[in-house]
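Below is one structure, written out as structure tokens; the observations come after it.
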Amino acid sequence: MNKVETMVEGYWLPETSPLFTDEQKLLLKEKLQNKINADGFLLVKSQVHRTQLANKQEVIKKMNALVNKSLVKPRPRKATRPSKAAKEKRIEEKKKTGSIKEGRKKISREQW
């Protein structure tokens, strides 16, 4: 484990950033709410490397990745329905499985 002296904490205040629109700032605040502290700062830590400089670069990388990932809007899901062939195939599979299970039952004397 590395010593505490090499750990780096990166703070960034997204509210005052001129790089993003108000809509993007709201999106950042919503998506990164677990990483933003009570003062509104985005906090990222790193202590994986042996040098402070390498940890600083790691913090910058992590912060950029977090911001980029949180700004991507997911595409809305298109509702689809199964085709007729898919429904028929599903029912055939169910009948096949049912018949296999039916064959596992014990045979009574009346069925002989």
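By convention in this document, the chains of the structure tokens carry letters A, B, ... by their order, each chain's residues are numbered from 1, and ligands are numbered from 1 in the order they are shown.
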Closest contacts (stretch 52-87 of chain A/stretch 23-38 of chain A, max 8 Å, only C-alpha atoms) as JSON lines:
```
{"residue": "A:Leu66", "atom": "CA", "partner": "A:Leu32", "partner_atom": "CA", "distance": 8.0}
{"residue": "A:Val67", "atom": "CA", "partner": "A:Leu28", "partner_atom": "CA", "distance": 7.0}
{"residue": "A:Ser70", "atom": "CA", "partner": "A:Lys31", "partner_atom": "CA", "distance": 5.8}
{"residue": "A:Leu71", "atom": "CA", "partner": "A:Leu28", "partner_atom": "CA", "distance": 6.5}
```
Inset, instruction - Among the residues of chain A, find those DSSP assigns to strand (DSSP E) from the backbone and print them as a list in words. - result: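 So, restricting chain A to strand (DSSP E), we get Val8, Glu9, Gly10, Tyr11, Trp12, Leu42, Leu43, Val44, Lys45 and Ser46 of chain A.
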Inset, instruction - Please identify all polymer residues within 12 Å of A:Glu5, counting only C-alpha atoms, omitting same-chain residues fewer than 4 positions from it, and present them as number ranges by chain. - result: A: 1, 9, 46-53, 55
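Atom CA of A:Pro14 sits 21.1 Å away from atom CA of A:Pro74.
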Inset, instruction - Between A:Lys95, A:Met7, A:Lys105, A:Lys78, single out the one closest to A:Lys45, counting only C-alpha atoms. - result: A:Met7
